[in-house]
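Enquirer: Hey, dropping start_11.txt in here, compact mmCIF, C-alpha atoms:
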```
# COMPACT_ATOMS: atom_id res chain seq x y z
CA MET E 1 13.53 58.87 -3.28
CA THR E 2 15.15 55.46 -3.49
CA LEU E 3 18.04 55.24 -5.95
CA THR E 4 17.67 52.56 -8.61
CA ASN E 5 20.59 50.52 -9.88
CA ASP E 6 20.61 52.54 -13.11
CA GLU E 7 20.72 55.78 -11.12
CA LEU E 8 23.60 54.50 -9.00
CA ILE E 9 25.57 53.60 -12.12
CA LYS E 10 24.82 57.04 -13.58
CA ILE E 11 26.16 58.64 -10.38
CA ARG E 12 29.32 56.54 -10.48
CA ARG E 13 29.95 57.38 -14.13
CA HIS E 14 29.53 61.11 -13.53
CA LEU E 15 31.95 60.92 -10.60
CA HIS E 16 34.33 58.98 -12.84
CA SER E 17 34.23 61.76 -15.42
CA ILE E 18 35.20 64.51 -12.92
CA PRO E 19 38.19 63.09 -10.99
CA GLU E 20 40.12 65.51 -8.80
CA LEU E 21 43.35 65.26 -6.87
CA SER E 22 43.70 65.33 -3.09
CA MET E 23 42.38 68.52 -1.44
CA HIS E 24 40.99 69.72 -4.79
CA GLU E 25 37.74 67.71 -4.86
CA VAL E 26 35.61 70.82 -5.50
CA LYS E 27 33.34 69.48 -8.26
CA THR E 28 33.12 66.11 -6.53
CA HIS E 29 32.09 67.74 -3.25
CA ALA E 30 29.44 69.85 -4.99
CA TYR E 31 28.00 66.87 -6.87
CA VAL E 32 27.92 64.62 -3.80
CA LEU E 33 26.22 67.38 -1.80
CA GLU E 34 23.65 67.85 -4.58
CA ILE E 35 22.83 64.12 -4.52
CA ILE E 36 22.52 64.05 -0.72
CA LYS E 37 20.20 67.07 -0.73
CA SER E 38 17.90 65.18 -3.11
CA PHE E 39 17.30 62.54 -0.40
CA SER E 40 14.63 62.78 2.29
CA GLN E 41 16.01 65.25 4.84
CA THR E 42 13.72 64.22 7.71
CA ASN E 43 16.47 62.53 9.74
CA LEU E 44 19.54 63.99 8.02
CA GLU E 45 21.90 66.69 9.19
CA ILE E 46 24.75 67.87 6.97
CA LYS E 47 27.97 69.33 8.32
CA GLU E 48 30.77 70.96 6.36
CA LEU E 49 34.27 71.74 7.62
CA PRO E 50 35.54 75.22 6.71
CA GLU E 51 39.13 74.13 7.40
CA LEU E 52 38.66 71.07 5.13
CA PRO E 53 36.24 72.45 2.56
CA THR E 54 35.92 69.42 0.28
CA ALA E 55 34.89 67.11 3.15
CA LEU E 56 31.29 66.29 4.05
CA LEU E 57 29.77 64.78 7.20
CA VAL E 58 26.19 63.56 7.27
CA LEU E 59 24.41 62.54 10.46
CA VAL E 60 21.44 60.16 10.14
CA LYS E 61 19.48 60.45 13.38
CA GLY E 62 18.45 57.12 14.86
CA SER E 63 15.07 56.23 16.35
CA ASP E 64 16.56 54.96 19.63
CA PRO E 65 20.30 55.68 19.48
CA GLN E 66 22.64 53.81 21.80
CA LYS E 67 25.78 54.58 19.78
CA ASN E 68 27.07 56.41 16.71
CA ILE E 69 28.25 54.17 13.87
CA GLY E 70 30.55 55.77 11.32
CA TYR E 71 30.90 54.93 7.63
CA ARG E 72 33.73 56.46 5.62
CA CYS E 73 34.36 56.73 1.89
CA ASP E 74 37.19 58.51 0.07
CA MET E 75 36.60 60.78 -2.94
CA ASP E 76 39.95 61.80 -4.46
CA ALA E 77 41.63 60.52 -7.62
CA LEU E 78 45.17 59.92 -8.91
CA PRO E 79 47.53 61.66 -11.38
CA VAL E 80 47.05 58.89 -13.98
CA THR E 81 46.08 59.28 -17.65
CA GLU E 82 43.13 57.01 -18.40
CA LYS E 83 43.40 54.43 -21.21
CA ASN E 84 40.00 52.72 -21.16
CA GLY E 85 38.35 54.71 -23.97
CA LEU E 86 35.07 54.99 -22.08
CA PRO E 87 32.25 57.34 -23.12
CA TYR E 88 32.33 58.64 -19.53
CA ALA E 89 36.13 58.82 -19.30
CA SER E 90 37.90 61.47 -17.25
CA THR E 91 37.43 65.01 -18.52
CA ASN E 92 40.33 66.19 -16.35
CA PRO E 93 43.54 65.53 -18.34
CA GLY E 94 46.10 63.45 -16.49
CA VAL E 95 43.74 62.64 -13.59
CA MET E 96 41.76 59.42 -13.18
CA HIS E 97 39.78 57.45 -10.63
CA ALA E 98 42.36 54.69 -10.92
CA CYS E 99 41.74 53.48 -7.36
CA GLY E 100 37.96 53.29 -7.58
CA HIS E 101 37.03 56.08 -5.20
CA ASP E 102 34.18 56.97 -7.57
CA LEU E 103 32.75 53.53 -6.80
CA HIS E 104 33.48 53.91 -3.06
CA THR E 105 31.52 57.18 -3.05
CA THR E 106 28.62 55.70 -5.00
CA VAL E 107 28.31 52.80 -2.56
CA ALA E 108 28.32 55.24 0.37
CA LEU E 109 25.61 57.34 -1.29
CA GLY E 110 23.54 54.20 -1.82
CA ILE E 111 23.84 53.21 1.85
CA LEU E 112 23.02 56.75 2.97
CA ASN E 113 20.05 56.83 0.60
CA TYR E 114 18.64 53.64 2.13
CA PHE E 115 18.88 54.97 5.67
CA SER E 116 17.40 58.33 4.67
CA GLU E 117 14.28 56.33 3.72
CA HIS E 118 14.50 53.75 6.54
CA GLN E 119 15.40 55.43 9.83
CA PRO E 120 18.13 53.45 11.62
CA LYS E 121 17.95 52.52 15.29
CA ASP E 122 21.36 54.05 16.09
CA ASN E 123 22.83 57.26 14.77
CA LEU E 124 24.90 56.88 11.61
CA VAL E 125 27.69 59.30 10.67
CA PHE E 126 28.81 59.28 7.02
CA PHE E 127 32.22 60.78 6.29
CA PHE E 128 32.86 61.71 2.66
CA GLN E 129 36.61 62.15 2.86
CA PRO E 130 39.02 64.09 0.65
CA ALA E 131 42.72 63.36 0.25
CA GLU E 132 43.17 59.67 0.93
CA GLU E 133 45.78 59.21 -1.81
CA SER E 134 47.99 61.91 -0.32
CA GLN E 135 47.93 64.49 2.49
CA SER E 136 46.12 62.16 4.93
CA GLY E 137 42.61 63.62 4.74
CA GLY E 138 41.36 61.28 7.46
CA LYS E 139 44.03 62.44 9.89
CA VAL E 140 43.39 66.09 9.01
CA ALA E 141 39.67 65.70 9.75
CA TYR E 142 40.32 63.86 13.01
CA ASP E 143 42.87 66.43 14.18
CA LEU E 144 40.40 69.23 13.35
CA GLY E 145 37.91 67.66 15.76
CA ALA E 146 35.44 66.66 13.05
CA PHE E 147 34.23 63.65 15.04
CA LYS E 148 33.18 65.42 18.20
CA GLY E 149 29.81 66.33 19.67
CA SER E 150 26.85 64.85 17.84
CA TYR E 151 29.26 63.68 15.12
CA HIS E 152 31.37 61.56 17.46
CA ILE E 153 31.89 58.01 16.27
CA ASP E 154 31.95 54.91 18.47
CA GLU E 155 32.88 52.47 15.71
CA PHE E 156 33.98 53.06 12.12
CA TYR E 157 33.60 51.05 8.90
CA GLY E 158 34.87 51.51 5.36
CA LEU E 159 35.53 49.52 2.21
CA HIS E 160 38.12 49.36 -0.53
CA ASP E 161 37.47 47.83 -3.93
CA ASN E 162 39.57 44.84 -4.95
CA PRO E 163 40.13 43.96 -8.63
CA LEU E 164 41.32 40.44 -7.74
CA LEU E 165 38.05 39.40 -6.06
CA LYS E 166 34.95 38.32 -7.98
CA THR E 167 32.29 40.99 -8.39
CA GLY E 168 30.44 41.69 -5.16
CA VAL E 169 32.54 39.41 -2.96
CA ILE E 170 33.16 40.81 0.52
CA GLY E 171 36.67 40.15 1.78
CA CYS E 172 38.01 40.80 5.26
CA ARG E 173 40.26 39.48 7.98
CA ASN E 174 40.87 40.05 11.65
CA GLY E 175 44.19 41.72 12.33
CA THR E 176 45.95 43.86 9.71
CA LEU E 177 44.25 44.32 6.34
CA PHE E 178 46.64 46.97 4.89
CA ALA E 179 50.19 47.83 5.87
CA GLY E 180 51.23 51.15 7.32
CA THR E 181 53.52 53.27 5.16
CA THR E 182 56.18 55.86 5.91
CA GLU E 183 58.07 57.99 3.41
CA VAL E 184 61.80 58.14 4.09
CA ASN E 185 64.29 60.64 2.66
CA ILE E 186 68.06 60.32 3.12
CA ILE E 187 70.46 63.23 2.53
CA ILE E 188 74.13 62.24 2.45
CA LYS E 189 76.71 65.00 2.70
CA GLY E 190 80.28 64.15 1.78
CA LYS E 191 82.78 66.28 -0.13
CA SER E 192 82.96 66.86 -3.87
CA GLY E 193 86.20 66.72 -5.79
CA HIS E 194 88.03 65.79 -8.99
CA ALA E 195 87.51 62.22 -10.23
CA ALA E 196 91.30 61.80 -10.45
CA TYR E 197 91.86 62.68 -6.76
CA PRO E 198 89.40 60.57 -4.73
CA HIS E 199 91.57 60.80 -1.63
CA LEU E 200 90.85 64.54 -1.47
CA ALA E 201 87.06 64.06 -1.64
CA ASN E 202 84.40 62.06 0.20
CA ASP E 203 82.26 60.27 -2.39
CA ALA E 204 78.54 60.54 -1.60
CA VAL E 205 77.72 57.95 -4.29
CA VAL E 206 79.89 55.33 -2.59
CA ILE E 207 78.34 56.19 0.78
CA ALA E 208 74.84 55.96 -0.74
CA ALA E 209 75.62 52.55 -2.23
CA ASN E 210 76.81 51.27 1.14
CA PHE E 211 73.77 52.77 2.85
CA ILE E 212 71.32 51.07 0.47
CA ASN E 213 73.07 47.70 0.75
CA GLN E 214 73.19 47.80 4.54
CA VAL E 215 69.56 48.93 4.91
CA GLN E 216 68.38 46.02 2.77
CA THR E 217 69.83 43.63 5.35
CA ILE E 218 67.40 45.02 7.95
CA ILE E 219 64.64 42.98 6.33
CA SER E 220 66.72 39.85 5.79
CA ARG E 221 68.66 39.85 9.06
CA SER E 222 66.93 42.03 11.67
CA ILE E 223 63.30 40.98 11.25
CA ASP E 224 61.65 37.70 12.19
CA PRO E 225 61.15 35.86 8.85
CA ILE E 226 57.49 35.11 9.63
CA LYS E 227 56.75 38.82 10.11
CA CYS E 228 56.48 41.36 7.32
CA GLY E 229 58.32 44.53 6.50
CA VAL E 230 59.36 46.23 3.27
CA ILE E 231 61.95 48.89 2.52
CA THR E 232 62.06 50.20 -1.04
CA PHE E 233 64.28 53.01 -2.30
CA GLY E 234 62.76 54.15 -5.57
CA LYS E 235 64.75 57.30 -6.29
CA MET E 236 68.34 58.46 -5.94
CA GLU E 237 69.97 61.68 -7.09
CA ALA E 238 73.69 62.46 -6.95
CA GLY E 239 76.38 64.19 -8.92
CA VAL E 240 76.52 66.70 -11.77
CA ILE E 241 78.98 65.24 -14.28
CA ARG E 242 80.95 62.00 -14.76
CA ASN E 243 84.38 63.36 -13.83
CA VAL E 244 83.37 65.11 -10.60
CA ILE E 245 83.00 63.14 -7.37
CA ALA E 246 79.57 63.82 -5.91
CA GLY E 247 79.57 65.68 -2.62
CA GLU E 248 75.91 65.07 -1.87
CA ALA E 249 73.33 62.37 -2.56
CA ARG E 250 69.61 62.11 -1.90
CA ILE E 251 67.71 58.84 -1.61
CA GLU E 252 63.91 58.61 -1.43
CA GLY E 253 61.97 55.54 -0.41
CA THR E 254 59.14 53.96 1.51
CA ILE E 255 58.86 51.74 4.58
CA ARG E 256 55.91 49.38 5.00
CA GLY E 257 54.92 47.18 7.90
CA LEU E 258 51.87 45.27 9.09
CA THR E 259 52.07 46.84 12.55
CA GLN E 260 53.09 50.25 13.80
CA GLU E 261 55.70 48.52 15.99
CA MET E 262 57.31 47.03 12.87
CA ILE E 263 57.47 50.43 11.16
CA GLU E 264 59.04 52.03 14.22
CA PHE E 265 61.57 49.19 14.53
CA ILE E 266 62.62 49.62 10.88
CA ARG E 267 62.93 53.36 11.38
CA GLN E 268 65.17 52.82 14.41
CA ARG E 269 67.42 50.39 12.50
CA ILE E 270 67.76 52.82 9.58
CA GLN E 271 68.89 55.51 12.03
CA GLU E 272 71.45 53.09 13.47
CA VAL E 273 72.78 52.20 10.01
CA ALA E 274 73.07 55.91 9.19
CA ALA E 275 74.92 56.62 12.44
CA GLY E 276 77.39 53.81 11.74
CA LEU E 277 78.11 55.03 8.23
CA GLU E 278 78.61 58.58 9.46
CA LYS E 279 81.47 57.31 11.61
CA SER E 280 82.99 54.94 9.05
CA PHE E 281 82.87 57.45 6.16
CA ASN E 282 83.31 60.65 8.20
CA CYS E 283 80.22 62.18 6.60
CA GLN E 284 76.82 63.56 7.57
CA ILE E 285 73.60 61.63 6.96
CA GLU E 286 70.21 63.19 7.59
CA VAL E 287 67.16 60.92 7.78
CA GLU E 288 63.66 62.36 7.35
CA TYR E 289 60.42 60.44 7.92
CA ASN E 290 56.87 61.32 6.97
CA GLN E 291 54.10 58.91 7.93
CA GLY E 292 51.16 61.27 8.18
CA GLY E 293 47.98 59.27 8.66
CA TYR E 294 49.08 56.13 6.86
CA TYR E 295 49.06 53.79 9.84
CA PRO E 296 48.49 50.05 9.42
CA VAL E 297 44.82 49.21 8.96
CA GLU E 298 44.52 47.02 12.06
CA ASN E 299 40.93 45.83 12.30
CA ASP E 300 39.33 45.81 15.75
CA PRO E 301 39.04 42.16 16.91
CA THR E 302 35.53 42.36 18.38
CA LEU E 303 33.92 44.46 15.65
CA THR E 304 35.62 42.51 12.88
CA LYS E 305 34.49 39.16 14.30
CA CYS E 306 30.93 40.51 14.33
CA PHE E 307 31.33 41.75 10.74
CA ILE E 308 32.78 38.46 9.47
CA ASP E 309 30.20 36.36 11.32
CA TYR E 310 27.40 38.33 9.66
CA MET E 311 28.93 38.21 6.16
CA LYS E 312 29.52 34.45 6.38
CA LYS E 313 25.87 33.83 7.29
CA ALA E 314 24.15 36.41 5.06
CA PRO E 315 22.48 34.55 2.18
CA GLN E 316 23.01 37.40 -0.31
CA VAL E 317 26.75 37.71 0.44
CA VAL E 318 29.73 35.74 -0.84
CA PHE E 319 32.51 36.14 1.74
CA GLU E 320 36.24 35.40 1.50
CA GLU E 321 38.85 35.67 4.22
CA THR E 322 41.73 37.61 2.68
CA ASP E 323 45.45 37.92 3.31
CA PRO E 324 47.04 41.19 4.45
CA LYS E 325 48.40 43.47 1.72
CA MET E 326 51.33 45.88 1.69
CA THR E 327 49.28 48.69 0.17
CA GLY E 328 48.59 51.71 2.36
CA GLU E 329 45.37 53.47 3.45
CA ASP E 330 44.84 56.44 5.75
CA PHE E 331 41.76 54.77 7.24
CA GLY E 332 44.43 53.12 9.39
CA TYR E 333 44.83 56.39 11.29
CA LEU E 334 41.11 56.68 11.98
CA ILE E 335 40.76 53.14 13.31
CA ASN E 336 43.91 53.64 15.36
CA LYS E 337 41.90 56.33 17.18
CA ILE E 338 38.39 54.84 16.87
CA PRO E 339 37.67 51.07 16.84
CA GLY E 340 36.74 49.96 13.35
CA THR E 341 36.87 47.55 10.45
CA MET E 342 37.91 47.92 6.81
CA PHE E 343 36.94 45.34 4.23
CA TRP E 344 37.26 44.60 0.52
CA LEU E 345 34.55 44.74 -2.15
CA GLY E 346 35.34 42.61 -5.19
CA VAL E 347 35.14 44.48 -8.50
CA GLU E 348 36.94 42.02 -10.83
CA SER E 349 38.83 44.57 -12.94
CA LYS E 350 41.16 43.61 -15.80
CA GLY E 351 43.52 46.39 -14.69
CA ALA E 352 45.16 46.68 -11.31
CA LEU E 353 44.55 49.40 -8.74
CA HIS E 354 46.36 52.63 -9.69
CA SER E 355 46.70 51.52 -13.33
CA ALA E 356 45.53 53.44 -16.41
CA ASP E 357 43.21 50.56 -17.38
CA PHE E 358 41.58 49.98 -13.99
CA LEU E 359 37.92 49.27 -14.77
CA PRO E 360 35.73 47.96 -11.92
CA ASN E 361 32.60 45.96 -12.63
CA GLU E 362 29.66 48.25 -11.80
CA ALA E 363 27.54 45.26 -10.73
CA ALA E 364 29.54 45.42 -7.49
CA ILE E 365 27.86 48.69 -6.48
CA LYS E 366 24.44 47.27 -5.60
CA LYS E 367 25.98 44.14 -4.07
CA GLY E 368 28.18 46.29 -1.84
CA ILE E 369 25.28 48.49 -0.76
CA ASP E 370 23.09 45.50 0.10
CA ALA E 371 25.88 43.80 2.09
CA VAL E 372 26.67 46.91 4.15
CA VAL E 373 23.02 47.84 4.75
CA GLY E 374 22.38 44.29 5.92
CA PHE E 375 25.35 44.36 8.27
CA LEU E 376 24.51 47.77 9.75
CA ASN E 377 20.93 46.69 10.44
CA TYR E 378 22.27 43.51 12.06
CA ARG E 379 24.83 45.46 14.09
CA MET E 380 22.17 47.85 15.37
CA SER E 381 19.91 44.94 16.36
CA LEU E 382 22.47 43.57 18.81
CA GLU E 383 21.89 44.32 22.48
CA GLU E 384 25.41 45.44 23.37
CA ALA E 385 26.22 49.09 22.85
```
Would you mind writing the file's structure down as structure tokens?

Expert:
Amino acid sequence: MTLTNDELIKIRRHLHSIPELSMHEVKTHAYVLEIIKSFSQTNLEIKELPELPTALLVLVKGSDPQKNIGYRCDMDALPVTEKNGLPYASTNPGVMHACGHDLHTTVALGILNYFSEHQPKDNLVFFFQPAEESQSGGKVAYDLGAFKGSYHIDEFYGLHDNPLLKTGVIGCRNGTLFAGTTEVNIIIKGKSGHAAYPHLANDAVVIAANFINQVQTIISRSIDPIKCGVITFGKMEAGVIRNVIAGEARIEGTIRGLTQEMIEFIRQRIQEVAAGLEKSFNCQIEVEYNQGGYYPVENDPTLTKCFIDYMKKAPQVVFEETDPKMTGEDFGYLINKIPGTMFWLGVESKGALHSADFLPNEAAIKKGIDAVVGFLNYRMSLEEA
């Protein structure tokens, strides 16, 4: 069967009504599998991963395969309470598809549906991925060996919806599309004491204040001004009562950079700041990092040039070259291991990504499917492997 536009919208709305958090996409997985099994199975092969049970891989066997082309979509939702008042609003309290993964999944199903009816030249591997928003589902799948054997991938593609682009616009750029992100936790250990006797204590709040101030100068004084890096500390905990000097403080934050080298440089400088403060304040400072799979989304130069060239020339596509963004995406890990390209699909929402009133324009679904199907057919028609 070939999905109509009305059927695609119905699929997206059902997915929207059953949002699930990372690694808990049980209903989503079951529904997506049900839809895929309704397609022609002549050239399809479905693979599940026992160690990652909410993931799905689908191989579309090509007529004369020279390579395996991968297409990835993410399926998880966010811990956000929806405020759009829709008849198909989330039925899972406190959880919402506030990043548009319901639309991502619908577009992927539409592309897969087309190729189930029109056998591609090359093999296509569709990866319906859990846990993009947290727990690095892409990295987990890669590390489990999901993309080996007949499911190996030579080049990978994926989209992300963009509320700031007009409906159906395809946006992309060569180089970095999304920043890499690293969580950073700082534990400062001083010595508690009475507020009236500071000389007998070692104030963790004062040390934390110095640490935050000095780390902020990494961006302004250690990094080339024409390059990008961000350090944000969004949480700090210290002390128990106003008249007791805090003996310990905890700071939590995030590092973002447009290249992995930038992230590693910032991490090194934070360690150096911590080491200096340990000496000057005679304290202990522990620094913990957690990057997981959230590497910068650095698009492959050759594949991305091919993608952009096609989108600029395709008569049914409106293309815009976009600037890099400091948001994170675990597709960065996958295309760090496998050459690939990520791109934007304009959805023109009144609300921003991750907001309670995010509401993508559903007219983008069909436009996105048509653009990607056109590109994949073009890509497979080229002589080079």

Enquirer: To one decimal place, how far is CA of Thr341 in chain E from CA of Glu261 in chain E in Å?

Expert: 19.7 Å

Enquirer: Just give me the gap between CA of Glu117 in chain E and CA of Met311 in chain E in Å, one decimal is fine.

Expert: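 Spanning CA of Glu117 in chain E to CA of Met311 in chain E is a straight-line distance of 23.4 Å.
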
Enquirer: Using all atoms listed in the file, find each residue of range 83-194 of chain E with at least one atom at most 10 Å away from an atom of range 373-376 of chain E; report its shortest atom-to-atom pair and that distance in Å (one decimal), sort the rows by chain and rising residue number, and return the result as CSV.

Expert:
```
residue,atom,partner,partner_atom,distance
E:Gly110,CA,E:Val373,CA,9.2
E:Ile111,CA,E:Val373,CA,6.2
E:Leu112,CA,E:Val373,CA,9.1
E:Tyr114,CA,E:Val373,CA,7.7
E:Phe115,CA,E:Val373,CA,8.3
E:Pro120,CA,E:Leu376,CA,8.7
E:Lys121,CA,E:Leu376,CA,9.8
E:Asp122,CA,E:Leu376,CA,9.5
E:Leu124,CA,E:Leu376,CA,9.3
E:Tyr157,CA,E:Leu376,CA,9.7
```

Enquirer: Taking every listed atom of range 17-23 of chain E and adding 5 Å to each side, what centre and edge lengths in Å (one decimal) does the axis-aligned box have, as lines of an AutoDock Vina configuration file?

Expert:
```
center_x = 39.0
center_y = 65.1
center_z = -8.4
size_x = 19.5
size_y = 16.8
size_z = 24.0
```

Enquirer: Ranking E:Ala98, E:Leu59, E:Leu159, E:Ala77 by minimum distance to Ser349 in chain E and counting only C-alpha atoms, which one comes first?

Expert: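 Counting only C-alpha atoms, the residue closest to Ser349 in chain E is E:Ala98.
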
Enquirer: Please identify all polymer residues within 8 Å of Val125 in chain E, counting all atoms listed in the file, omitting same-chain residues fewer than 4 positions from it, and present them as a VMD selection string.

Expert: chain E and resid 57 to 60 68 to 71 151 153

Enquirer: Ranking E:Thr91, E:Asn123, E:Asn202, E:Thr105 by minimum distance to Arg72 in chain E and counting only C-alpha atoms, which one comes first?

Expert: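 Counting only C-alpha atoms, the residue closest to Arg72 in chain E is E:Thr105.
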
Enquirer: Using only C-alpha atoms, determine which residues lie at most 6 Å from Gln129 in chain E, disregarding the query and same-chain residues fewer than 3 positions distant; provide the list as a VMD selection string.

Expert: chain E and resid 55 73 to 75

Enquirer: Between E:Asn5, E:Ser116, E:Gln271, E:Gln41, which residue has the minimum interatomic distance to Glu362 in chain E, considering only C-alpha atoms?

Expert: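 Result for the nearest residue to Glu362 in chain E: E:Asn5.
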
Enquirer: I'd like the contact shell of Thr232 in chain E - 9 Å cut-off, all atoms listed in the file, skipping same-chain residues fewer than 2 positions apart - returned as number ranges by chain.

Expert: E: 216, 230, 234, 252-256

Enquirer: Next, the residues of the selection above should be written as a CSV table (one decimal), keeping the file's coordinate frame with C-alpha atoms.

Expert:
```csv
chain,number,residue,atom,x,y,z
E,216,GLN,CA,68.4,46.0,2.8
E,230,VAL,CA,59.4,46.2,3.3
E,234,GLY,CA,62.8,54.2,-5.6
E,252,GLU,CA,63.9,58.6,-1.4
E,253,GLY,CA,62.0,55.5,-0.4
E,254,THR,CA,59.1,54.0,1.5
E,255,ILE,CA,58.9,51.7,4.6
E,256,ARG,CA,55.9,49.4,5.0
```

Enquirer: Distance CA of Val244 in chain E-CA of Ala209 in chain E, one decimal place?

Expert: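 Result for CA of Val244 in chain E versus CA of Ala209 in chain E: 17.0 Å, one decimal.
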
Enquirer: Just the residues within 12 Å of Glu183 in chain E, please, counting all atoms listed in the file, with nothing from its chain fewer than 2 positions along; format it as a compact mmCIF listing (two decimals) with C-alpha atoms, keeping the file's coordinate frame.

Expert:
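This is the output file result.txt:
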```
# COMPACT_ATOMS: atom_id res chain seq x y z
CA SER E 134 47.99 61.91 -0.32
CA GLY E 180 51.23 51.15 7.32
CA THR E 181 53.52 53.27 5.16
CA ASN E 185 64.29 60.64 2.66
CA ILE E 186 68.06 60.32 3.12
CA VAL E 230 59.36 46.23 3.27
CA ILE E 231 61.95 48.89 2.52
CA THR E 232 62.06 50.20 -1.04
CA PHE E 233 64.28 53.01 -2.30
CA GLY E 234 62.76 54.15 -5.57
CA LYS E 235 64.75 57.30 -6.29
CA ILE E 251 67.71 58.84 -1.61
CA GLU E 252 63.91 58.61 -1.43
CA GLY E 253 61.97 55.54 -0.41
CA THR E 254 59.14 53.96 1.51
CA ILE E 255 58.86 51.74 4.58
CA ARG E 256 55.91 49.38 5.00
CA ILE E 263 57.47 50.43 11.16
CA ARG E 267 62.93 53.36 11.38
CA VAL E 287 67.16 60.92 7.78
CA GLU E 288 63.66 62.36 7.35
CA TYR E 289 60.42 60.44 7.92
CA ASN E 290 56.87 61.32 6.97
CA GLN E 291 54.10 58.91 7.93
CA GLY E 292 51.16 61.27 8.18
CA GLY E 293 47.98 59.27 8.66
CA TYR E 294 49.08 56.13 6.86
CA TYR E 295 49.06 53.79 9.84
CA GLY E 328 48.59 51.71 2.36
```

Enquirer: Taking all atoms listed in the file into account, name the residue in E:Glu272, E:Asp76, E:Glu321, E:Glu7 that is nearest to Glu25 in chain E.

Expert: E:Asp76
